[in-house]
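Since the structure comes first, as structure tokens, the remarks are kept for the end.
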Amino acid sequence: NELAALNVRSILVTSGTLSPLPSYSLELGLPFPHTLENAHIIGSDQISVRVVGKGVSGKSLTSTYKRRNDADYIIELGNTIISLGKVIPGCVLIFFPSYGLMWQCVEKWGGPISSRSRNTNSGKDNFFQARQKKAQSPAAGSARYCFPHAAVKMNQAAGATPWQRLNAVKSIVLEPKTTAELKEVIAEFDKYNDAPKSKGTFLIGVCRGKISEGIDFADDKCRAVIITGIPFAPYMDPKVKLKREYLDGVKASLASKPSEDGGFGTNKSATASKPVSLSGEEWYSQQAHRAVNQAIGRVIRHRADYGAILFLDSRYSTERNQLGVSKWIRSSFTADEGMGGTIRSLVKFFRGAKEKAD
């Protein structure tokens with residue numbers, strides 16, 4: 001508004017995550033007479049977009065708030081990621097809606113903060129104990145978040161935890177809690193991927209987090225992005241609540257504002273002259289979809305790149321949530337084929353994409 005008041009001739013706003021454009025314009029309170037939303041530079045055979053609404057054992061994958069403490073859901077999610085990871089080459093970026101859910105899943109899978117990972121005799125974490133030695137650890141900070149590929153022995157497979165089976169597929173790197181530790185963690189991530197005969201890495205983080213923007217994961221550094229839910233902000237957070245109430249108030253006041261022409265001398269329809277504003281609920285959903293768009297943008301970084309985007313939440317099968325993602329993804333959505341169909345399609349997709357790239 002300040003720029004417009006200065007009679008600036010043109011204002012150009014560009015970004016890969018402005019979608020949906022109408023609600024962005026409403027949020028700013030500025031009309032954009034000219035808008036352009038392009039398709040991606042890549043071909044349709046370079047991207048595979050799939051919704052996986054049920055896991056490997058047929059249980060529903062829906063990361064609603066009520067289900068986030070459901071142990072069956074968490075284990076089903078872990079087992080589904082393990083199965084997908086076996087057919088995805090290179091690295092896989094996994095995004096959770098929040099840090100709380102990410103760490104909860106890691107714990108339930110038997111990960112580094114789980115009681116199942118602790119040595120009951122000493123009380124020390126087995127995951128961390130070996131990394132206390134300076135000779136084996138490149139940095140004290142990264143040791144807590146980085147786990148090199150570790151195969152599960154045949155005689156131990158039956159009793160392996162989801163975390164151990166996940167780590168047997170690829171190395172695992174967790175998004176660190178502080179920005180100061182990020183550089184060391186990404187250095188370990190690169191080290192795992194550059195190692196001879198590397199099977200890739202599961203890089204696990206959150207939407208709106210440190211790995212969802214600003215880092216270039218080109219080629220084998222990200223062959224797939226997995227979205228495990230819809231990253232709605234905490235509904236009762238004071239700031240979120242105030243924002244929703246403010247927008248609802250503005251919308252209500254504009255809707256009740258009397259016409260300035262007194263009803264004479266105009267042929268404009270009531271619909272055309274009715275003020276438009278963004279409601280609190282629309283803004284709330286929009287922010288979640290923008291966070292998803294930011295995360296899925298990690299998978300394609302240049303013209304010859306290729307990869308898959310997998311939504312492990314049945315809610316992405318609805319038109320409302322598909323319209324919230326960027327335009328270049330919408331046309332590539334594939335109907336949920338179940339895990340069997342998804343696995344077969346991914347194998348075929350990556351084989352064809354690699355042959356074309358080579």
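Identifiers for the structure tokens are assigned positionally: chains receive A, B, ... in sequence, residues are indexed from 1 per chain, and ligands are indexed from 1 in the order shown.
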
For region 161-175 of chain A: contacts at 6 Å, only C-alpha atoms, fewer than 4 positions along chain excluded, given as a ChimeraX atom specification: /A:82,109-111,145-152,199-205

Writing out the chosen residues with N, CA, C and O atoms as an mmCIF file, in the first residue's frame:
```cif
data_model
loop_
_atom_site.group_PDB
_atom_site.id
_atom_site.type_symbol
_atom_site.label_atom_id
_atom_site.label_comp_id
_atom_site.auth_asym_id
_atom_site.auth_seq_id
_atom_site.Cartn_x
_atom_site.Cartn_y
_atom_site.Cartn_z
ATOM 1 N N ILE A 82 9.157 -47.347 5.021
ATOM 2 C CA ILE A 82 10.189 -48.368 4.788
ATOM 3 C C ILE A 82 9.975 -49.034 3.427
ATOM 4 O O ILE A 82 10.911 -49.184 2.634
ATOM 5 N N TRP A 109 8.883 -45.501 16.754
ATOM 6 C CA TRP A 109 9.550 -46.425 15.839
ATOM 7 C C TRP A 109 10.740 -47.124 16.496
ATOM 8 O O TRP A 109 11.318 -48.036 15.920
ATOM 9 N N GLY A 110 11.113 -46.678 17.686
ATOM 10 C CA GLY A 110 12.272 -47.249 18.370
ATOM 11 C C GLY A 110 13.538 -46.467 18.102
ATOM 12 O O GLY A 110 14.645 -47.001 18.204
ATOM 13 N N GLY A 111 13.382 -45.171 17.774
ATOM 14 C CA GLY A 111 14.515 -44.321 17.444
ATOM 15 C C GLY A 111 15.311 -43.847 18.643
ATOM 16 O O GLY A 111 15.135 -44.343 19.755
ATOM 17 N N TYR A 145 21.922 -36.528 15.525
ATOM 18 C CA TYR A 145 20.912 -36.500 14.469
ATOM 19 C C TYR A 145 21.262 -37.358 13.251
ATOM 20 O O TYR A 145 20.429 -37.497 12.360
ATOM 21 N N CYS A 146 22.463 -37.932 13.204
ATOM 22 C CA CYS A 146 22.913 -38.622 11.997
ATOM 23 C C CYS A 146 23.231 -40.090 12.289
ATOM 24 O O CYS A 146 23.984 -40.401 13.218
ATOM 25 N N PHE A 147 22.674 -40.975 11.447
ATOM 26 C CA PHE A 147 22.799 -42.415 11.676
ATOM 27 C C PHE A 147 23.126 -43.104 10.356
ATOM 28 O O PHE A 147 22.268 -43.196 9.475
ATOM 29 N N PRO A 148 24.376 -43.566 10.197
ATOM 30 C CA PRO A 148 24.773 -44.209 8.942
ATOM 31 C C PRO A 148 24.005 -45.503 8.705
ATOM 32 O O PRO A 148 23.505 -46.133 9.639
ATOM 33 N N HIS A 149 23.925 -45.880 7.450
ATOM 34 C CA HIS A 149 23.229 -47.106 7.059
ATOM 35 C C HIS A 149 23.734 -48.288 7.870
ATOM 36 O O HIS A 149 24.934 -48.485 8.031
ATOM 37 N N ALA A 150 22.792 -49.069 8.411
ATOM 38 C CA ALA A 150 23.168 -50.220 9.233
ATOM 39 C C ALA A 150 22.253 -51.383 8.911
ATOM 40 O O ALA A 150 21.069 -51.375 9.262
ATOM 41 N N ALA A 151 22.799 -52.379 8.225
ATOM 42 C CA ALA A 151 22.001 -53.544 7.835
ATOM 43 C C ALA A 151 21.574 -54.350 9.062
ATOM 44 O O ALA A 151 22.290 -54.406 10.067
ATOM 45 N N VAL A 152 20.392 -54.941 8.975
ATOM 46 C CA VAL A 152 19.893 -55.810 10.044
ATOM 47 C C VAL A 152 20.265 -57.248 9.708
ATOM 48 O O VAL A 152 19.991 -57.732 8.605
ATOM 49 N N LYS A 199 23.327 -46.085 -0.449
ATOM 50 C CA LYS A 199 21.936 -46.384 -0.756
ATOM 51 C C LYS A 199 21.038 -45.168 -0.589
ATOM 52 O O LYS A 199 19.819 -45.256 -0.735
ATOM 53 N N GLY A 200 21.658 -44.016 -0.260
ATOM 54 C CA GLY A 200 20.885 -42.802 -0.051
ATOM 55 C C GLY A 200 20.583 -42.583 1.421
ATOM 56 O O GLY A 200 21.047 -43.325 2.292
ATOM 57 N N THR A 201 19.795 -41.568 1.678
ATOM 58 C CA THR A 201 19.517 -41.157 3.061
ATOM 59 C C THR A 201 18.061 -40.741 3.212
ATOM 60 O O THR A 201 17.483 -40.129 2.311
ATOM 61 N N PHE A 202 17.468 -41.086 4.344
ATOM 62 C CA PHE A 202 16.194 -40.501 4.743
ATOM 63 C C PHE A 202 16.522 -39.222 5.516
ATOM 64 O O PHE A 202 17.110 -39.292 6.595
ATOM 65 N N LEU A 203 16.167 -38.086 4.971
ATOM 66 C CA LEU A 203 16.344 -36.817 5.669
ATOM 67 C C LEU A 203 14.978 -36.404 6.207
ATOM 68 O O LEU A 203 14.056 -36.120 5.449
ATOM 69 N N ILE A 204 14.850 -36.416 7.524
ATOM 70 C CA ILE A 204 13.548 -36.241 8.164
ATOM 71 C C ILE A 204 13.460 -34.874 8.824
ATOM 72 O O ILE A 204 14.308 -34.512 9.650
ATOM 73 N N GLY A 205 12.438 -34.103 8.454
ATOM 74 C CA GLY A 205 12.265 -32.770 9.019
ATOM 75 C C GLY A 205 10.794 -32.376 9.056
ATOM 76 O O GLY A 205 9.912 -33.231 9.028
#
```

Test item: residues at most 12 Å from Ser10 (chain A), only C-alpha atoms, excluding those fewer than 3 positions along its chain, as a PyMOL selection string: chain A and resi 3-7+13+32-34

Need the shell around Arg320 (chain A): protein/DNA/RNA residues with any atom at most 12 Å away, counting only C-alpha atoms. Skip same-chain ones fewer than 2 positions apart. Format as a short mmCIF file (atom, residue, chain, number, x, y, z; two decimals) with all heavy atoms, in the first residue's frame?
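Written output follows (out30.cif):
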```cif
data_model
loop_
_atom_site.label_atom_id
_atom_site.label_comp_id
_atom_site.auth_asym_id
_atom_site.auth_seq_id
_atom_site.Cartn_x
_atom_site.Cartn_y
_atom_site.Cartn_z
N PRO A 20 -2.36 -20.40 -3.39
CA PRO A 20 -3.30 -19.94 -4.42
C PRO A 20 -3.29 -18.42 -4.55
O PRO A 20 -3.36 -17.70 -3.55
CB PRO A 20 -4.64 -20.46 -3.92
CG PRO A 20 -4.48 -20.54 -2.43
CD PRO A 20 -3.05 -20.89 -2.19
N GLU A 282 -10.05 -19.46 5.74
CA GLU A 282 -9.37 -19.53 4.44
C GLU A 282 -7.88 -19.24 4.60
O GLU A 282 -7.03 -19.90 4.00
CB GLU A 282 -10.01 -18.55 3.46
CG GLU A 282 -11.41 -18.95 3.01
CD GLU A 282 -12.12 -17.83 2.27
OE1 GLU A 282 -11.81 -16.65 2.52
OE2 GLU A 282 -13.01 -18.14 1.46
N SER A 285 -6.08 -22.30 6.26
CA SER A 285 -5.80 -23.39 5.32
C SER A 285 -4.72 -23.00 4.33
O SER A 285 -3.85 -23.81 3.97
CB SER A 285 -7.08 -23.78 4.57
OG SER A 285 -8.05 -24.29 5.44
N GLN A 286 -4.76 -21.75 3.89
CA GLN A 286 -3.79 -21.27 2.91
C GLN A 286 -2.37 -21.36 3.44
O GLN A 286 -1.44 -21.75 2.72
CB GLN A 286 -4.14 -19.82 2.57
CG GLN A 286 -3.09 -19.08 1.77
CD GLN A 286 -3.37 -17.60 1.74
OE1 GLN A 286 -4.32 -17.17 1.13
NE2 GLN A 286 -2.56 -16.81 2.43
N HIS A 289 -1.13 -24.93 3.21
CA HIS A 289 -0.82 -25.34 1.84
C HIS A 289 0.46 -24.67 1.33
O HIS A 289 1.23 -25.30 0.59
CB HIS A 289 -2.00 -25.00 0.92
CG HIS A 289 -3.21 -25.86 1.17
ND1 HIS A 289 -4.49 -25.37 1.14
CD2 HIS A 289 -3.32 -27.18 1.48
CE1 HIS A 289 -5.34 -26.35 1.40
NE2 HIS A 289 -4.66 -27.44 1.62
N ARG A 315 -6.35 -37.24 3.10
CA ARG A 315 -7.02 -35.96 2.88
C ARG A 315 -6.57 -35.28 1.59
O ARG A 315 -7.28 -34.43 1.06
CB ARG A 315 -6.80 -35.03 4.08
CG ARG A 315 -7.53 -35.48 5.35
CD ARG A 315 -7.16 -34.60 6.53
NE ARG A 315 -5.78 -34.79 6.92
CZ ARG A 315 -5.17 -34.08 7.87
NH1 ARG A 315 -5.84 -33.14 8.52
NH2 ARG A 315 -3.91 -34.31 8.18
N TYR A 316 -5.41 -35.67 1.07
CA TYR A 316 -4.94 -35.08 -0.18
C TYR A 316 -5.68 -35.64 -1.39
O TYR A 316 -5.44 -35.20 -2.52
CB TYR A 316 -3.43 -35.29 -0.33
CG TYR A 316 -2.62 -34.35 0.53
CD1 TYR A 316 -2.04 -34.78 1.71
CD2 TYR A 316 -2.44 -33.02 0.17
CE1 TYR A 316 -1.31 -33.92 2.51
CE2 TYR A 316 -1.70 -32.15 0.95
CZ TYR A 316 -1.15 -32.61 2.13
OH TYR A 316 -0.42 -31.75 2.92
N SER A 317 -6.57 -36.59 -1.17
CA SER A 317 -7.40 -37.09 -2.28
C SER A 317 -8.55 -36.14 -2.58
O SER A 317 -9.19 -36.24 -3.63
CB SER A 317 -7.96 -38.48 -1.94
OG SER A 317 -6.93 -39.43 -1.86
N THR A 318 -8.83 -35.21 -1.67
CA THR A 318 -9.95 -34.28 -1.86
C THR A 318 -9.54 -33.13 -2.77
O THR A 318 -8.38 -32.71 -2.80
CB THR A 318 -10.42 -33.71 -0.51
OG1 THR A 318 -9.37 -32.90 0.06
CG2 THR A 318 -10.78 -34.83 0.46
N GLN A 322 -6.06 -30.60 -3.01
CA GLN A 322 -5.26 -30.62 -4.24
C GLN A 322 -5.20 -29.24 -4.89
O GLN A 322 -4.19 -28.87 -5.48
CB GLN A 322 -5.83 -31.65 -5.21
CG GLN A 322 -5.63 -33.09 -4.75
CD GLN A 322 -5.99 -34.11 -5.80
OE1 GLN A 322 -6.23 -33.78 -6.97
NE2 GLN A 322 -6.03 -35.38 -5.41
N LEU A 323 -6.28 -28.47 -4.76
CA LEU A 323 -6.27 -27.11 -5.30
C LEU A 323 -5.34 -26.20 -4.52
O LEU A 323 -4.94 -25.14 -5.01
CB LEU A 323 -7.69 -26.53 -5.28
CG LEU A 323 -8.67 -27.10 -6.31
CD1 LEU A 323 -10.07 -26.53 -6.09
CD2 LEU A 323 -8.19 -26.80 -7.73
N GLY A 324 -5.00 -26.59 -3.30
CA GLY A 324 -4.11 -25.76 -2.49
C GLY A 324 -2.65 -25.86 -2.88
O GLY A 324 -1.86 -24.99 -2.53
N VAL A 325 -2.28 -26.92 -3.60
CA VAL A 325 -0.88 -27.07 -3.99
C VAL A 325 -0.61 -26.31 -5.28
O VAL A 325 -1.54 -25.90 -6.00
CB VAL A 325 -0.50 -28.56 -4.16
CG1 VAL A 325 -0.75 -29.32 -2.87
CG2 VAL A 325 -1.25 -29.19 -5.31
N ARG A 330 -0.68 -30.01 -9.70
CA ARG A 330 -2.08 -30.46 -9.76
C ARG A 330 -2.36 -31.42 -10.91
O ARG A 330 -3.05 -32.42 -10.74
CB ARG A 330 -3.00 -29.24 -9.89
CG ARG A 330 -3.08 -28.39 -8.64
CD ARG A 330 -3.94 -27.17 -8.89
NE ARG A 330 -3.42 -26.01 -8.21
CZ ARG A 330 -3.57 -24.75 -8.64
NH1 ARG A 330 -4.24 -24.53 -9.77
NH2 ARG A 330 -3.07 -23.75 -7.96
#
```

Gap from CA of Ser326 (chain A) to CA of Glu37 (chain A) - Å, one decimal: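 If I compute the distance from CA of Ser326 (chain A) to CA of Glu37 (chain A), I get 8.8 Å.
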
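Residue neighbourhood of region 348-350 of chain A, excluding near-sequence residues (fewer than 5 positions): Asp45, Gln46, Ile47, Ser48, Val87, Ile88, Pro89, Arg223, Tyr306, Gly307, Ala308, Ile343 and Glu355 of chain A, at 9 Å, using only C-alpha atoms.
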
Next, the residues of the selection above should be written as a CSV table (one decimal), in the first residue's frame with all heavy atoms.
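Once everything was written out, this is result_37.csv:
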```csv
chain,number,residue,atom,x,y,z
A,45,ASP,N,6.9,-36.7,-17.7
A,45,ASP,CA,7.5,-38.0,-17.3
A,45,ASP,C,8.7,-37.8,-16.3
A,45,ASP,O,9.4,-38.8,-16.0
A,45,ASP,CB,8.1,-38.6,-18.6
A,45,ASP,CG,9.0,-37.8,-19.4
A,45,ASP,OD1,9.1,-36.5,-19.1
A,45,ASP,OD2,9.6,-38.3,-20.4
A,46,GLN,N,8.9,-36.6,-15.8
A,46,GLN,CA,9.9,-36.4,-14.9
A,46,GLN,C,9.4,-36.2,-13.4
A,46,GLN,O,10.2,-36.0,-12.5
A,46,GLN,CB,10.7,-35.1,-15.2
A,46,GLN,CG,11.6,-35.3,-16.5
A,46,GLN,CD,12.2,-33.9,-16.9
A,46,GLN,OE1,11.7,-33.3,-17.9
A,46,GLN,NE2,13.2,-33.5,-16.3
A,47,ILE,N,8.1,-36.3,-13.3
A,47,ILE,CA,7.5,-36.1,-12.0
A,47,ILE,C,6.4,-37.1,-11.8
A,47,ILE,O,5.6,-37.4,-12.7
A,47,ILE,CB,7.0,-34.7,-11.8
A,47,ILE,CG1,6.6,-34.5,-10.3
A,47,ILE,CG2,5.9,-34.4,-12.7
A,47,ILE,CD1,7.7,-34.3,-9.3
A,48,SER,N,6.4,-37.7,-10.6
A,48,SER,CA,5.3,-38.6,-10.2
A,48,SER,C,4.7,-38.1,-8.9
A,48,SER,O,5.4,-38.0,-7.9
A,48,SER,CB,5.8,-40.1,-10.0
A,48,SER,OG,4.8,-41.0,-9.6
A,87,VAL,N,12.2,-48.8,-2.9
A,87,VAL,CA,12.1,-48.7,-4.4
A,87,VAL,C,12.4,-47.3,-4.9
A,87,VAL,O,12.4,-47.1,-6.1
A,87,VAL,CB,10.7,-49.1,-4.9
A,87,VAL,CG1,10.4,-50.5,-4.5
A,87,VAL,CG2,9.6,-48.2,-4.3
A,88,ILE,N,12.8,-46.4,-3.9
A,88,ILE,CA,13.2,-45.1,-4.3
A,88,ILE,C,14.7,-45.0,-4.3
A,88,ILE,O,15.3,-45.1,-3.2
A,88,ILE,CB,12.6,-44.0,-3.4
A,88,ILE,CG1,11.0,-44.1,-3.4
A,88,ILE,CG2,13.0,-42.6,-3.8
A,88,ILE,CD1,10.3,-43.2,-2.4
A,89,PRO,N,15.3,-44.7,-5.4
A,89,PRO,CA,16.8,-44.5,-5.4
A,89,PRO,C,17.2,-43.2,-4.7
A,89,PRO,O,16.4,-42.3,-4.7
A,89,PRO,CB,17.1,-44.5,-6.9
A,89,PRO,CG,15.9,-44.0,-7.5
A,89,PRO,CD,14.7,-44.4,-6.7
A,223,ARG,N,15.3,-37.7,-4.4
A,223,ARG,CA,14.6,-38.3,-5.5
A,223,ARG,C,13.1,-38.4,-5.2
A,223,ARG,O,12.3,-38.7,-6.0
A,223,ARG,CB,15.1,-39.7,-5.8
A,223,ARG,CG,16.4,-39.7,-6.6
A,223,ARG,CD,16.3,-38.9,-7.9
A,223,ARG,NE,17.5,-38.9,-8.7
A,223,ARG,CZ,17.8,-38.0,-9.6
A,223,ARG,NH1,16.8,-37.0,-9.9
A,223,ARG,NH2,18.9,-38.0,-10.3
A,306,TYR,N,14.5,-35.1,-11.8
A,306,TYR,CA,13.3,-35.9,-11.8
A,306,TYR,C,13.1,-36.4,-10.3
A,306,TYR,O,14.0,-36.5,-9.5
A,306,TYR,CB,13.3,-37.1,-12.8
A,306,TYR,CG,14.4,-38.1,-12.5
A,306,TYR,CD1,14.2,-39.2,-11.7
A,306,TYR,CD2,15.6,-38.0,-13.1
A,306,TYR,CE1,15.2,-40.1,-11.5
A,306,TYR,CE2,16.6,-38.9,-12.9
A,306,TYR,CZ,16.4,-40.0,-12.1
A,306,TYR,OH,17.4,-40.9,-11.9
A,307,GLY,N,11.8,-36.7,-10.0
A,307,GLY,CA,11.6,-37.2,-8.7
A,307,GLY,C,10.1,-37.5,-8.4
A,307,GLY,O,9.2,-37.2,-9.3
A,308,ALA,N,9.8,-38.0,-7.3
A,308,ALA,CA,8.4,-38.3,-6.9
A,308,ALA,C,7.9,-37.4,-5.7
A,308,ALA,O,8.8,-37.1,-4.8
A,308,ALA,CB,8.2,-39.8,-6.6
A,343,ILE,N,3.8,-48.9,-5.5
A,343,ILE,CA,5.1,-49.5,-5.6
A,343,ILE,C,5.5,-49.9,-7.0
A,343,ILE,O,6.5,-49.5,-7.5
A,343,ILE,CB,5.2,-50.8,-4.7
A,343,ILE,CG1,5.1,-50.4,-3.2
A,343,ILE,CG2,6.6,-51.5,-5.0
A,343,ILE,CD1,6.3,-49.6,-2.6
A,355,GLU,N,16.6,-43.8,-17.3
A,355,GLU,CA,17.1,-44.1,-18.6
A,355,GLU,C,17.1,-42.9,-19.5
A,355,GLU,O,18.0,-42.7,-20.3
A,355,GLU,CB,16.1,-45.2,-19.2
A,355,GLU,CG,16.3,-46.6,-18.6
A,355,GLU,CD,15.3,-47.6,-19.2
A,355,GLU,OE1,14.4,-47.1,-19.9
A,355,GLU,OE2,15.4,-48.8,-18.8
```

Which residue of A:Ile42, A:Met236, A:Val250, A:Ala71 approaches Cys105 (chain A) most closely, using only C-alpha atoms: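 Of the candidates, the smallest distance to Cys105 (chain A) is held by A:Ala71.
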
Interatomic distance, CA of Glu181 (chain A) to CA of Ile215 (chain A) (Å, one decimal):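 Interatomic distance here is 14.5 Å.
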